[in-house]
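Undergrad: So here's protein07.pdb (PDB, C-alpha atoms and all ligand atoms).
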```pdb
ATOM      1  CA  MET Q  13      18.191  18.729 -46.344  1.00  0.00           C
ATOM      2  CA  SER Q  14      18.154  21.400 -43.708  1.00  0.00           C
ATOM      3  CA  ILE Q  15      16.423  24.651 -44.611  1.00  0.00           C
ATOM      4  CA  LEU Q  16      17.227  26.319 -41.306  1.00  0.00           C
ATOM      5  CA  ARG Q  17      20.247  25.963 -39.092  1.00  0.00           C
ATOM      6  CA  ALA Q  18      20.982  27.847 -35.890  1.00  0.00           C
ATOM      7  CA  GLU Q  19      24.197  27.447 -33.943  1.00  0.00           C
ATOM      8  CA  ASP Q  20      24.776  28.625 -30.403  1.00  0.00           C
ATOM      9  CA  VAL Q  21      22.440  31.593 -30.790  1.00  0.00           C
ATOM     10  CA  VAL Q  22      22.468  34.076 -27.925  1.00  0.00           C
ATOM     11  CA  LYS Q  23      20.060  36.992 -27.604  1.00  0.00           C
ATOM     12  CA  THR Q  24      20.239  39.472 -24.764  1.00  0.00           C
ATOM     13  CA  TYR Q  25      17.888  42.404 -24.292  1.00  0.00           C
ATOM     14  CA  GLU Q  26      19.319  45.481 -22.619  1.00  0.00           C
ATOM     15  CA  ARG Q  27      16.875  47.250 -20.347  1.00  0.00           C
ATOM     16  CA  GLU Q  28      17.301  50.818 -19.255  1.00  0.00           C
ATOM     17  CA  GLY Q  29      17.889  51.055 -15.527  1.00  0.00           C
ATOM     18  CA  ALA Q  30      17.589  47.307 -15.022  1.00  0.00           C
ATOM     19  CA  SER Q  31      19.657  44.201 -15.531  1.00  0.00           C
ATOM     20  CA  SER Q  32      19.741  42.751 -19.047  1.00  0.00           C
ATOM     21  CA  VAL Q  33      17.635  39.715 -19.952  1.00  0.00           C
ATOM     22  CA  GLU Q  34      19.205  36.640 -21.530  1.00  0.00           C
ATOM     23  CA  ALA Q  35      16.262  35.564 -23.689  1.00  0.00           C
ATOM     24  CA  LEU Q  36      18.238  32.941 -25.673  1.00  0.00           C
ATOM     25  CA  ARG Q  37      21.206  31.270 -23.991  1.00  0.00           C
ATOM     26  CA  GLY Q  38      22.864  29.313 -26.763  1.00  0.00           C
ATOM     27  CA  VAL Q  39      20.277  27.683 -28.997  1.00  0.00           C
ATOM     28  CA  THR Q  40      21.358  25.137 -31.594  1.00  0.00           C
ATOM     29  CA  LEU Q  41      18.848  23.605 -33.946  1.00  0.00           C
ATOM     30  CA  SER Q  42      18.392  22.279 -37.434  1.00  0.00           C
ATOM     31  CA  VAL Q  43      15.100  22.072 -39.324  1.00  0.00           C
ATOM     32  CA  THR Q  44      14.567  19.860 -42.361  1.00  0.00           C
ATOM     33  CA  ALA Q  45      12.801  21.254 -45.426  1.00  0.00           C
ATOM     34  CA  GLY Q  46       9.084  20.491 -45.216  1.00  0.00           C
ATOM     35  CA  GLU Q  47       9.126  19.764 -41.508  1.00  0.00           C
ATOM     36  CA  PHE Q  48       6.414  21.020 -39.111  1.00  0.00           C
ATOM     37  CA  VAL Q  49       8.018  21.968 -35.803  1.00  0.00           C
ATOM     38  CA  ALA Q  50       5.976  23.063 -32.794  1.00  0.00           C
ATOM     39  CA  VAL Q  51       7.632  25.265 -30.166  1.00  0.00           C
ATOM     40  CA  THR Q  52       6.218  25.166 -26.644  1.00  0.00           C
ATOM     41  CA  GLY Q  53       7.338  26.278 -23.194  1.00  0.00           C
ATOM     42  CA  ALA Q  54       6.382  28.569 -20.346  1.00  0.00           C
ATOM     43  CA  SER Q  55       5.709  32.275 -20.763  1.00  0.00           C
ATOM     44  CA  GLY Q  56       9.011  34.157 -20.938  1.00  0.00           C
ATOM     45  CA  SER Q  57      11.022  31.080 -21.943  1.00  0.00           C
ATOM     46  CA  GLY Q  58      12.122  32.725 -25.215  1.00  0.00           C
ATOM     47  CA  LYS Q  59       9.754  31.326 -27.863  1.00  0.00           C
ATOM     48  CA  SER Q  60       8.899  34.650 -29.528  1.00  0.00           C
ATOM     49  CA  THR Q  61      12.508  35.762 -29.355  1.00  0.00           C
ATOM     50  CA  LEU Q  62      13.560  32.523 -31.041  1.00  0.00           C
ATOM     51  CA  LEU Q  63      11.159  33.052 -33.946  1.00  0.00           C
ATOM     52  CA  THR Q  64      12.065  36.726 -34.301  1.00  0.00           C
ATOM     53  CA  VAL Q  65      15.762  35.927 -34.507  1.00  0.00           C
ATOM     54  CA  LEU Q  66      15.401  32.824 -36.723  1.00  0.00           C
ATOM     55  CA  SER Q  67      13.303  34.782 -39.219  1.00  0.00           C
ATOM     56  CA  GLY Q  68      15.809  37.618 -39.462  1.00  0.00           C
ATOM     57  CA  LEU Q  69      13.434  40.188 -37.951  1.00  0.00           C
ATOM     58  CA  ASP Q  70      16.021  40.841 -35.251  1.00  0.00           C
ATOM     59  CA  LEU Q  71      19.710  39.958 -34.966  1.00  0.00           C
ATOM     60  CA  PRO Q  72      21.172  37.770 -32.207  1.00  0.00           C
ATOM     61  CA  ASN Q  73      24.131  38.970 -30.130  1.00  0.00           C
ATOM     62  CA  SER Q  74      26.167  35.960 -31.176  1.00  0.00           C
ATOM     63  CA  GLY Q  75      25.862  32.628 -32.938  1.00  0.00           C
ATOM     64  CA  SER Q  76      24.964  31.945 -36.551  1.00  0.00           C
ATOM     65  CA  ILE Q  77      21.744  31.356 -38.462  1.00  0.00           C
ATOM     66  CA  HIS Q  78      21.571  29.917 -41.964  1.00  0.00           C
ATOM     67  CA  ILE Q  79      18.383  29.988 -44.004  1.00  0.00           C
ATOM     68  CA  ASP Q  80      18.465  28.019 -47.235  1.00  0.00           C
ATOM     69  CA  GLY Q  81      22.205  28.537 -47.558  1.00  0.00           C
ATOM     70  CA  THR Q  82      22.283  32.249 -46.641  1.00  0.00           C
ATOM     71  CA  GLU Q  83      23.943  33.259 -43.404  1.00  0.00           C
ATOM     72  CA  VAL Q  84      21.316  35.632 -42.020  1.00  0.00           C
ATOM     73  CA  THR Q  85      23.660  36.871 -39.329  1.00  0.00           C
ATOM     74  CA  ARG Q  86      26.109  38.212 -41.926  1.00  0.00           C
ATOM     75  CA  ALA Q  87      23.718  39.331 -44.661  1.00  0.00           C
ATOM     76  CA  ARG Q  88      23.435  42.999 -45.578  1.00  0.00           C
ATOM     77  CA  GLU Q  89      20.115  44.607 -44.595  1.00  0.00           C
ATOM     78  CA  GLN Q  90      19.133  44.840 -48.253  1.00  0.00           C
ATOM     79  CA  ASP Q  91      19.734  41.120 -48.853  1.00  0.00           C
ATOM     80  CA  LEU Q  92      17.970  40.293 -45.617  1.00  0.00           C
ATOM     81  CA  ALA Q  93      14.891  42.242 -46.740  1.00  0.00           C
ATOM     82  CA  GLY Q  94      14.848  40.263 -49.998  1.00  0.00           C
ATOM     83  CA  LEU Q  95      15.246  36.981 -48.125  1.00  0.00           C
ATOM     84  CA  ARG Q  96      12.376  37.842 -45.772  1.00  0.00           C
ATOM     85  CA  ASN Q  97      10.160  38.843 -48.661  1.00  0.00           C
ATOM     86  CA  GLN Q  98      10.813  35.820 -50.831  1.00  0.00           C
ATOM     87  CA  LYS Q  99      11.521  32.980 -48.439  1.00  0.00           C
ATOM     88  CA  ILE Q 100       9.793  33.791 -45.177  1.00  0.00           C
ATOM     89  CA  GLY Q 101       6.193  34.191 -44.092  1.00  0.00           C
ATOM     90  CA  PHE Q 102       5.308  35.346 -40.581  1.00  0.00           C
ATOM     91  CA  VAL Q 103       1.976  35.182 -38.747  1.00  0.00           C
ATOM     92  CA  PHE Q 104       1.848  37.089 -35.449  1.00  0.00           C
ATOM     93  CA  GLN Q 105      -0.494  36.783 -32.497  1.00  0.00           C
ATOM     94  CA  ASP Q 106      -1.741  40.335 -33.027  1.00  0.00           C
ATOM     95  CA  PHE Q 107      -2.000  40.185 -36.832  1.00  0.00           C
ATOM     96  CA  HIS Q 108       0.331  43.136 -37.731  1.00  0.00           C
ATOM     97  CA  LEU Q 109      -1.737  44.218 -40.740  1.00  0.00           C
ATOM     98  CA  VAL Q 110      -1.104  47.638 -42.284  1.00  0.00           C
ATOM     99  CA  PRO Q 111      -4.084  49.697 -41.037  1.00  0.00           C
ATOM    100  CA  SER Q 112      -4.198  52.029 -44.046  1.00  0.00           C
ATOM    101  CA  LEU Q 113      -4.385  49.203 -46.590  1.00  0.00           C
ATOM    102  CA  THR Q 114      -7.452  47.116 -47.454  1.00  0.00           C
ATOM    103  CA  ALA Q 115      -7.499  43.351 -46.928  1.00  0.00           C
ATOM    104  CA  TRP Q 116      -6.778  42.910 -50.631  1.00  0.00           C
ATOM    105  CA  GLU Q 117      -3.862  45.368 -50.578  1.00  0.00           C
ATOM    106  CA  ASN Q 118      -2.392  43.851 -47.414  1.00  0.00           C
ATOM    107  CA  VAL Q 119      -2.276  40.409 -49.023  1.00  0.00           C
ATOM    108  CA  ALA Q 120      -1.030  41.619 -52.427  1.00  0.00           C
ATOM    109  CA  PHE Q 121       1.731  43.771 -50.924  1.00  0.00           C
ATOM    110  CA  PRO Q 122       4.497  41.134 -50.495  1.00  0.00           C
ATOM    111  CA  ALA Q 123       3.855  39.812 -54.018  1.00  0.00           C
ATOM    112  CA  GLU Q 124       3.992  43.321 -55.474  1.00  0.00           C
ATOM    113  CA  LEU Q 125       7.204  43.944 -53.568  1.00  0.00           C
ATOM    114  CA  ALA Q 126       8.603  40.797 -55.203  1.00  0.00           C
ATOM    115  CA  GLY Q 127       7.638  42.282 -58.569  1.00  0.00           C
ATOM    116  CA  ARG Q 128       5.011  39.715 -59.427  1.00  0.00           C
ATOM    117  CA  ALA Q 129       2.571  40.907 -62.061  1.00  0.00           C
ATOM    118  CA  GLU Q 130      -0.214  38.594 -60.900  1.00  0.00           C
ATOM    119  CA  ALA Q 131      -0.058  39.870 -57.298  1.00  0.00           C
ATOM    120  CA  ARG Q 132      -3.563  41.380 -57.154  1.00  0.00           C
ATOM    121  CA  GLN Q 133      -5.184  38.405 -58.843  1.00  0.00           C
ATOM    122  CA  GLN Q 134      -3.438  35.925 -56.533  1.00  0.00           C
ATOM    123  CA  ALA Q 135      -4.369  37.930 -53.472  1.00  0.00           C
ATOM    124  CA  ARG Q 136      -8.015  37.825 -54.527  1.00  0.00           C
ATOM    125  CA  VAL Q 137      -7.919  34.062 -55.099  1.00  0.00           C
ATOM    126  CA  LEU Q 138      -6.344  33.510 -51.674  1.00  0.00           C
ATOM    127  CA  LEU Q 139      -8.858  35.729 -49.884  1.00  0.00           C
ATOM    128  CA  GLU Q 140     -11.699  33.889 -51.624  1.00  0.00           C
ATOM    129  CA  ARG Q 141     -10.131  30.611 -50.467  1.00  0.00           C
ATOM    130  CA  VAL Q 142     -10.320  31.663 -46.823  1.00  0.00           C
ATOM    131  CA  GLY Q 143     -13.890  32.900 -47.174  1.00  0.00           C
ATOM    132  CA  LEU Q 144     -13.172  36.624 -47.450  1.00  0.00           C
ATOM    133  CA  GLY Q 145     -14.146  37.183 -51.075  1.00  0.00           C
ATOM    134  CA  GLU Q 146     -16.738  39.726 -49.952  1.00  0.00           C
ATOM    135  CA  ARG Q 147     -14.305  41.630 -47.746  1.00  0.00           C
ATOM    136  CA  LEU Q 148     -11.580  42.549 -50.259  1.00  0.00           C
ATOM    137  CA  ALA Q 149     -12.118  46.295 -49.798  1.00  0.00           C
ATOM    138  CA  SER Q 150     -12.438  46.201 -45.999  1.00  0.00           C
ATOM    139  CA  PHE Q 151      -9.779  47.832 -43.832  1.00  0.00           C
ATOM    140  CA  PRO Q 152      -8.363  45.898 -40.860  1.00  0.00           C
ATOM    141  CA  HIS Q 153     -10.383  47.919 -38.317  1.00  0.00           C
ATOM    142  CA  GLN Q 154     -13.564  46.805 -40.097  1.00  0.00           C
ATOM    143  CA  LEU Q 155     -12.727  43.103 -39.690  1.00  0.00           C
ATOM    144  CA  SER Q 156     -13.158  40.688 -36.767  1.00  0.00           C
ATOM    145  CA  GLY Q 157     -10.122  39.064 -35.137  1.00  0.00           C
ATOM    146  CA  GLY Q 158     -10.631  35.802 -37.006  1.00  0.00           C
ATOM    147  CA  GLU Q 159     -11.021  37.669 -40.290  1.00  0.00           C
ATOM    148  CA  LYS Q 160      -7.893  39.720 -39.649  1.00  0.00           C
ATOM    149  CA  GLN Q 161      -5.900  36.569 -38.936  1.00  0.00           C
ATOM    150  CA  ARG Q 162      -7.161  34.967 -42.148  1.00  0.00           C
ATOM    151  CA  VAL Q 163      -5.950  38.056 -44.043  1.00  0.00           C
ATOM    152  CA  ALA Q 164      -2.578  37.814 -42.258  1.00  0.00           C
ATOM    153  CA  LEU Q 165      -2.383  34.139 -43.200  1.00  0.00           C
ATOM    154  CA  CYS Q 166      -2.954  34.914 -46.887  1.00  0.00           C
ATOM    155  CA  ARG Q 167      -0.292  37.617 -46.737  1.00  0.00           C
ATOM    156  CA  ALA Q 168       2.178  35.191 -45.144  1.00  0.00           C
ATOM    157  CA  VAL Q 169       1.783  32.514 -47.832  1.00  0.00           C
ATOM    158  CA  ILE Q 170       1.298  34.577 -51.003  1.00  0.00           C
ATOM    159  CA  ASN Q 171       4.957  34.269 -52.002  1.00  0.00           C
ATOM    160  CA  ARG Q 172       4.948  30.537 -51.219  1.00  0.00           C
ATOM    161  CA  PRO Q 173       7.661  30.941 -48.578  1.00  0.00           C
ATOM    162  CA  ALA Q 174      10.111  28.125 -47.916  1.00  0.00           C
ATOM    163  CA  LEU Q 175       9.735  28.950 -44.229  1.00  0.00           C
ATOM    164  CA  LEU Q 176       6.581  29.864 -42.403  1.00  0.00           C
ATOM    165  CA  PHE Q 177       6.752  31.174 -38.834  1.00  0.00           C
ATOM    166  CA  ALA Q 178       3.630  31.474 -36.691  1.00  0.00           C
ATOM    167  CA  ASP Q 179       3.766  32.868 -33.152  1.00  0.00           C
ATOM    168  CA  GLU Q 180       0.612  31.846 -31.274  1.00  0.00           C
ATOM    169  CA  PRO Q 181      -1.538  32.714 -34.298  1.00  0.00           C
ATOM    170  CA  THR Q 182      -4.723  31.816 -32.429  1.00  0.00           C
ATOM    171  CA  GLY Q 183      -3.778  33.451 -29.132  1.00  0.00           C
ATOM    172  CA  ASN Q 184      -6.252  36.294 -29.592  1.00  0.00           C
ATOM    173  CA  LEU Q 185      -9.080  34.242 -31.090  1.00  0.00           C
ATOM    174  CA  ASP Q 186     -11.942  32.244 -29.598  1.00  0.00           C
ATOM    175  CA  THR Q 187     -11.872  28.457 -29.944  1.00  0.00           C
ATOM    176  CA  LYS Q 188     -13.998  28.272 -33.074  1.00  0.00           C
ATOM    177  CA  ASN Q 189     -12.105  30.992 -34.974  1.00  0.00           C
ATOM    178  CA  GLY Q 190      -8.803  29.620 -33.714  1.00  0.00           C
ATOM    179  CA  GLU Q 191      -9.567  26.158 -35.056  1.00  0.00           C
ATOM    180  CA  GLU Q 192     -10.570  27.597 -38.421  1.00  0.00           C
ATOM    181  CA  VAL Q 193      -7.343  29.622 -38.660  1.00  0.00           C
ATOM    182  CA  ILE Q 194      -5.260  26.528 -37.818  1.00  0.00           C
ATOM    183  CA  ARG Q 195      -7.130  24.422 -40.363  1.00  0.00           C
ATOM    184  CA  LEU Q 196      -6.421  27.056 -43.046  1.00  0.00           C
ATOM    185  CA  LEU Q 197      -2.821  27.511 -41.911  1.00  0.00           C
ATOM    186  CA  LEU Q 198      -2.098  23.789 -42.252  1.00  0.00           C
ATOM    187  CA  GLU Q 199      -3.954  23.593 -45.576  1.00  0.00           C
ATOM    188  CA  LEU Q 200      -2.159  26.577 -47.149  1.00  0.00           C
ATOM    189  CA  ARG Q 201       1.133  25.384 -45.731  1.00  0.00           C
ATOM    190  CA  ALA Q 202       0.648  21.957 -47.332  1.00  0.00           C
ATOM    191  CA  GLU Q 203      -0.067  23.597 -50.687  1.00  0.00           C
ATOM    192  CA  SER Q 204       2.994  25.820 -50.620  1.00  0.00           C
ATOM    193  CA  GLY Q 205       5.147  22.992 -49.212  1.00  0.00           C
ATOM    194  CA  SER Q 206       6.446  25.394 -46.565  1.00  0.00           C
ATOM    195  CA  THR Q 207       8.440  24.348 -43.548  1.00  0.00           C
ATOM    196  CA  LEU Q 208       6.476  25.476 -40.493  1.00  0.00           C
ATOM    197  CA  LEU Q 209       7.676  26.671 -37.083  1.00  0.00           C
ATOM    198  CA  LEU Q 210       4.680  27.237 -34.851  1.00  0.00           C
ATOM    199  CA  VAL Q 211       4.611  28.525 -31.294  1.00  0.00           C
ATOM    200  CA  THR Q 212       1.620  27.171 -29.415  1.00  0.00           C
ATOM    201  CA  HIS Q 213       0.412  26.451 -25.911  1.00  0.00           C
ATOM    202  CA  SER Q 214      -1.975  23.789 -27.215  1.00  0.00           C
ATOM    203  CA  ASP Q 215      -0.921  20.182 -26.660  1.00  0.00           C
ATOM    204  CA  SER Q 216      -3.376  18.925 -29.259  1.00  0.00           C
ATOM    205  CA  LEU Q 217      -1.929  21.271 -31.881  1.00  0.00           C
ATOM    206  CA  ALA Q 218       1.659  20.398 -30.923  1.00  0.00           C
ATOM    207  CA  GLY Q 219       0.598  16.760 -31.309  1.00  0.00           C
ATOM    208  CA  LEU Q 220       0.084  17.344 -35.039  1.00  0.00           C
ATOM    209  CA  ALA Q 221       3.697  18.441 -35.509  1.00  0.00           C
ATOM    210  CA  ASP Q 222       6.553  16.258 -36.763  1.00  0.00           C
ATOM    211  CA  ARG Q 223       8.622  17.442 -33.809  1.00  0.00           C
ATOM    212  CA  VAL Q 224       8.036  19.401 -30.619  1.00  0.00           C
ATOM    213  CA  LEU Q 225      10.689  21.694 -29.148  1.00  0.00           C
ATOM    214  CA  VAL Q 226      10.227  22.618 -25.503  1.00  0.00           C
ATOM    215  CA  MET Q 227      11.879  25.846 -24.393  1.00  0.00           C
ATOM    216  CA  SER Q 228      12.851  26.651 -20.855  1.00  0.00           C
ATOM    217  CA  ASP Q 229      14.724  29.722 -19.667  1.00  0.00           C
ATOM    218  CA  GLY Q 230      16.246  30.550 -23.053  1.00  0.00           C
ATOM    219  CA  ARG Q 231      17.225  27.022 -23.974  1.00  0.00           C
ATOM    220  CA  ILE Q 232      15.730  24.129 -25.902  1.00  0.00           C
ATOM    221  CA  LEU Q 233      15.331  21.184 -23.544  1.00  0.00           C
TER     222      LEU Q 233
HETATM  223  N1  LIG J 301      12.046  43.865 -26.268  1.00  0.00           N
HETATM  224  C1  LIG J 301      12.381  43.320 -25.103  1.00  0.00           C
HETATM  225  N2  LIG J 301      13.092  44.019 -24.198  1.00  0.00           N
HETATM  226  C2  LIG J 301      13.454  43.472 -23.006  1.00  0.00           C
HETATM  227  N3  LIG J 301      13.157  42.203 -22.651  1.00  0.00           N
HETATM  228  C3  LIG J 301      12.452  41.463 -23.528  1.00  0.00           C
HETATM  229  C4  LIG J 301      12.023  41.979 -24.785  1.00  0.00           C
HETATM  230  N4  LIG J 301      11.324  41.005 -25.420  1.00  0.00           N
HETATM  231  C5  LIG J 301      11.315  39.939 -24.597  1.00  0.00           C
HETATM  232  N5  LIG J 301      11.994  40.200 -23.462  1.00  0.00           N
HETATM  233  C6  LIG J 301      12.266  39.263 -22.346  1.00  0.00           C
HETATM  234  O1  LIG J 301      12.900  38.118 -22.888  1.00  0.00           O
HETATM  235  C7  LIG J 301      12.401  36.909 -22.291  1.00  0.00           C
HETATM  236  C8  LIG J 301      11.819  36.014 -23.368  1.00  0.00           C
HETATM  237  O2  LIG J 301      10.668  36.647 -23.911  1.00  0.00           O
HETATM  238  P1  LIG J 301       9.797  36.007 -25.088  1.00  0.00           P
HETATM  239  O3  LIG J 301       8.834  37.041 -25.534  1.00  0.00           O
HETATM  240  O4  LIG J 301      10.716  35.450 -26.116  1.00  0.00           O
HETATM  241  O5  LIG J 301       9.055  34.804 -24.329  1.00  0.00           O
HETATM  242  P2  LIG J 301       7.882  33.834 -24.809  1.00  0.00           P
HETATM  243  O6  LIG J 301       8.347  32.442 -24.542  1.00  0.00           O
HETATM  244  O7  LIG J 301       7.486  34.171 -26.191  1.00  0.00           O
HETATM  245  O8  LIG J 301       6.705  34.184 -23.791  1.00  0.00           O
HETATM  246  P3  LIG J 301       5.096  34.167 -24.023  1.00  0.00           P
HETATM  247  O9  LIG J 301       4.670  32.719 -23.980  1.00  0.00           O
HETATM  248  O10 LIG J 301       4.578  34.928 -22.850  1.00  0.00           O
HETATM  249  O11 LIG J 301       4.804  34.835 -25.316  1.00  0.00           O
HETATM  250  C9  LIG J 301      11.406  37.364 -21.227  1.00  0.00           C
HETATM  251  O12 LIG J 301      12.073  37.423 -20.008  1.00  0.00           O
HETATM  252  C10 LIG J 301      11.002  38.762 -21.679  1.00  0.00           C
HETATM  253  O13 LIG J 301      10.649  39.577 -20.583  1.00  0.00           O
HETATM  254 MG    MG J 302       5.717  34.941 -27.044  1.00  0.00          MG
END
```
Any chance you could give the structure as C-alpha cells?
Ligand SMILES: Nc1ncnc2c1ncn2[C@@H]1O[C@H](COP(=O)(O)OP(=O)(O)OP(=O)(O)O)[C@@H](O)[C@H]1O
Ligand SMILES: [Mg+2]
TA:
Amino acid sequence: MSILRAEDVVKTYEREGASSVEALRGVTLSVTAGEFVAVTGASGSGKSTLLTVLSGLDLPNSGSIHIDGTEVTRAREQDLAGLRNQKIGFVFQDFHLVPSLTAWENVAFPAELAGRAEARQQARVLLERVGLGERLASFPHQLSGGEKQRVALCRAVINRPALLFADEPTGNLDTKNGEEVIRLLLELRAESGSTLLLVTHSDSLAGLADRVLVMSDGRIL
C-alpha cells in the first residue's frame, strides 16, 4: 500500500531581480508503507525542495501529493498542520530546535500539541534512550551538534509518524557523531514502523535503503 504518492509535481522559486528557478520539473513517485527510500543527487538538484514539498512544509506550483489518503495539495492549512503533527516527522541538517525550550520541552512539544497526556514522560524515555538522560534541562545552545541532532531525532519520532523525512541529518556532524545519529535514526524508525525518506550524499548509507532515487536538475532519473 502506498503511503505517499506524488504526481507531476512542479516547484518554481521566484527570485527578485533574477530569473525563476525550476527546482522540481515534474516529479512522480510512489512510496510503499514501511519502505526506506534514499534520495541522492548533486547539490542543487532539488532534494531538499522535494522533501519540503512532500512533507507539506511548502506547496508545489502544480501537481498533486497524497499522504495516507489525504491530498496535501488541497488540504486546508489547519488540516495540514494536524497531518504534519500526527503523521510526519522531519529531521533537518541544521536541527531546527526551538532555542527557548529545553531538550525535554523540545521533544515533548509535538506530543503535547497532539494532546497526549504522557508527552513529558515519553519525551524523557526517548531522551534516555539516545543517551541524553542527564541533559533534559539543557537548552539547545548548551548542547553539541551530535546532542542537538539526537534531540531533534527524538522530537521527530515521538508521535510515531507514518512518514519520517530526514534531509542530510548528519551533514553538520563529524563521522563518529554522524554514525551514531544514523544508528539511532534507523533503530527508532524500526520501532515506530515509519516509512523513511532520507537525503544523503553517502553511498554506504544509501546502500542500506530499499530503494535509491537519484535526482538531477529537478527530476528523478
Ligand atoms: N528559497 C529558495 N529561493 C530560490 N531558489 C531556491 C530556494 N531554495 C532552493 N532554491 C534553488 O532550487 C534549486 C534546488 O535546491 P535544493 O535546495 O532543493 O537542492 P539540493 O539538491 O537539496 O542541494 P544540496 O545538496 O546542496 O542541499 C537550486 O537551484 C536552489 O538554488
Ligand atoms: Mg539540500
Undergrad: Which of these, Q:Glu47, Q:Asp179, Q:Glu19, Q:Glu130, has the shortest distance to ligand LIG 301 (chain J) once you count all atoms listed in the file?
TA: Q:Asp179
Undergrad: Check the smallest atom-to-atom distance from each of Q:Gln133, Q:Ser14, Q:Thr44, Q:Thr85 to Asn73 in chain Q using only C-alpha atoms, then report the winner.
TA: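 Among Q:Gln133, Q:Ser14, Q:Thr44, Q:Thr85, it is Q:Thr85 that comes nearest to Asn73 in chain Q.
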Undergrad: Take the PyMOL selection byres (((not hetatm)) within 8 of (chain J and resi 302)), apply it to the structure above, and return the hits as a ChimeraX atom specification.
TA: /Q:55-56,58-61,179-180,211
Undergrad: Please give the centre and size of the box around range 116-122 of chain Q (axis-aligned, containing every atom listed in the file, 5 Å added per side), with values in Å to one decimal and written as AutoDock Vina command-line options.
TA:
```
--center_x -1.1 --center_y 42.9 --center_z -49.9 --size_x 21.3 --size_y 15.0 --size_z 15.0
```
Undergrad: Collect all residues with atoms no farther than 9 Å from ligand LIG 301 (chain J), counting only C-alpha atoms and all ligand atoms, and output them as a ChimeraX atom specification.
TA: /Q:23-27,32-36,52-64,179-180,211-213,227-230
Undergrad: For a quick check of understanding, using all atoms listed in the file, which of Q:Asn184, Q:Thr114, Q:Ser214, Q:Thr207 has the smallest distance to Lys99 in chain Q?
TA: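 For Lys99 in chain Q, the nearest of the given residues is Q:Thr207.
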Undergrad: Interatomic distance between CA of Pro173 in chain Q and CA of Gln98 in chain Q?
TA: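 Here the two named atoms are 6.2 Å from each other.
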Undergrad: Counting all atoms listed in the file, which residues sit no farther than 10 Å from the position (4.5, 39.3, -53.6) in the file's frame? I'd like them as a list in words.
TA: Asn97, Gln98, Val119, Ala120, Phe121, Pro122, Ala123, Glu124, Leu125, Ala126, Gly127, Arg128, Ala129, Glu130, Ala131, Arg132, Gln134, Ala135, Arg167, Ala168, Val169, Ile170, Asn171 and Arg172 of chain Q
Undergrad: Take CA of Val39 in chain Q and CA of Phe177 in chain Q and report the distance between them in Å, one decimal.
TA: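 Distance between the two atoms: 17.1 Å.
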Undergrad: Pick from Q:Gly29, Q:His78, Q:Glu89, Q:Ser156: nearest to Leu185 in chain Q, with all atoms listed in the file counted?
TA: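 Smallest distance to Leu185 in chain Q is found for Q:Ser156.
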Undergrad: If you measure from CA of Ala221 in chain Q to CA of Pro72 in chain Q, what distance in Å do you get, rounded to one decimal?
TA: 26.3 Å
Undergrad: Can you spell out as a PyMOL selection string the set of residues that the PyMOL selection byres (((chain Q and resi 49) around 8) and not hetatm) selects in the structure I just provided?
TA: chain Q and resi 43+47-48+50-51+208-210+221-225
Undergrad: Counting all atoms listed in the file, what is within 9 Å of Leu139 in chain Q, bar same-chain residues fewer than 3 positions away, as a VMD selection string?
TA: chain Q and resid 115 to 116 119 134 to 136 142 to 148 162 to 163 166
Undergrad: Can you work out which one of Q:Ala149, Q:Leu66, Q:Ile77, Q:Ile100 has the shortest atom-to-atom distance to Ser112 in chain Q, counting only C-alpha atoms?
TA: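 Of the candidates, the smallest distance to Ser112 in chain Q is held by Q:Ala149.
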Undergrad: Go through Q:Leu41, Q:Leu95, Q:Val22, Q:Ala87 and flag the residue nearest Leu175 in chain Q, using all atoms listed in the file for the distances.
TA: Q:Leu95
Undergrad: Step by step: start from the point (7.1, 36.6, -40.6) in the file's coordinates, keep every protein, DNA or RNA residue that has an atom no farther than 8 Å from it, count all atoms listed in the file, and write the set as a PyMOL selection string.
TA: chain Q and resi 67+69+96+100-104+168+176-178
Undergrad: Could you name the residues that touch Gly38 in chain Q at 7 Å or less, counting only C-alpha atoms, but leaving out those on the same chain fewer than 6 positions away, as a list in words?
TA: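 Counting only the stated atoms, we get Asp20, Val21, Val22 and Arg231 of chain Q.
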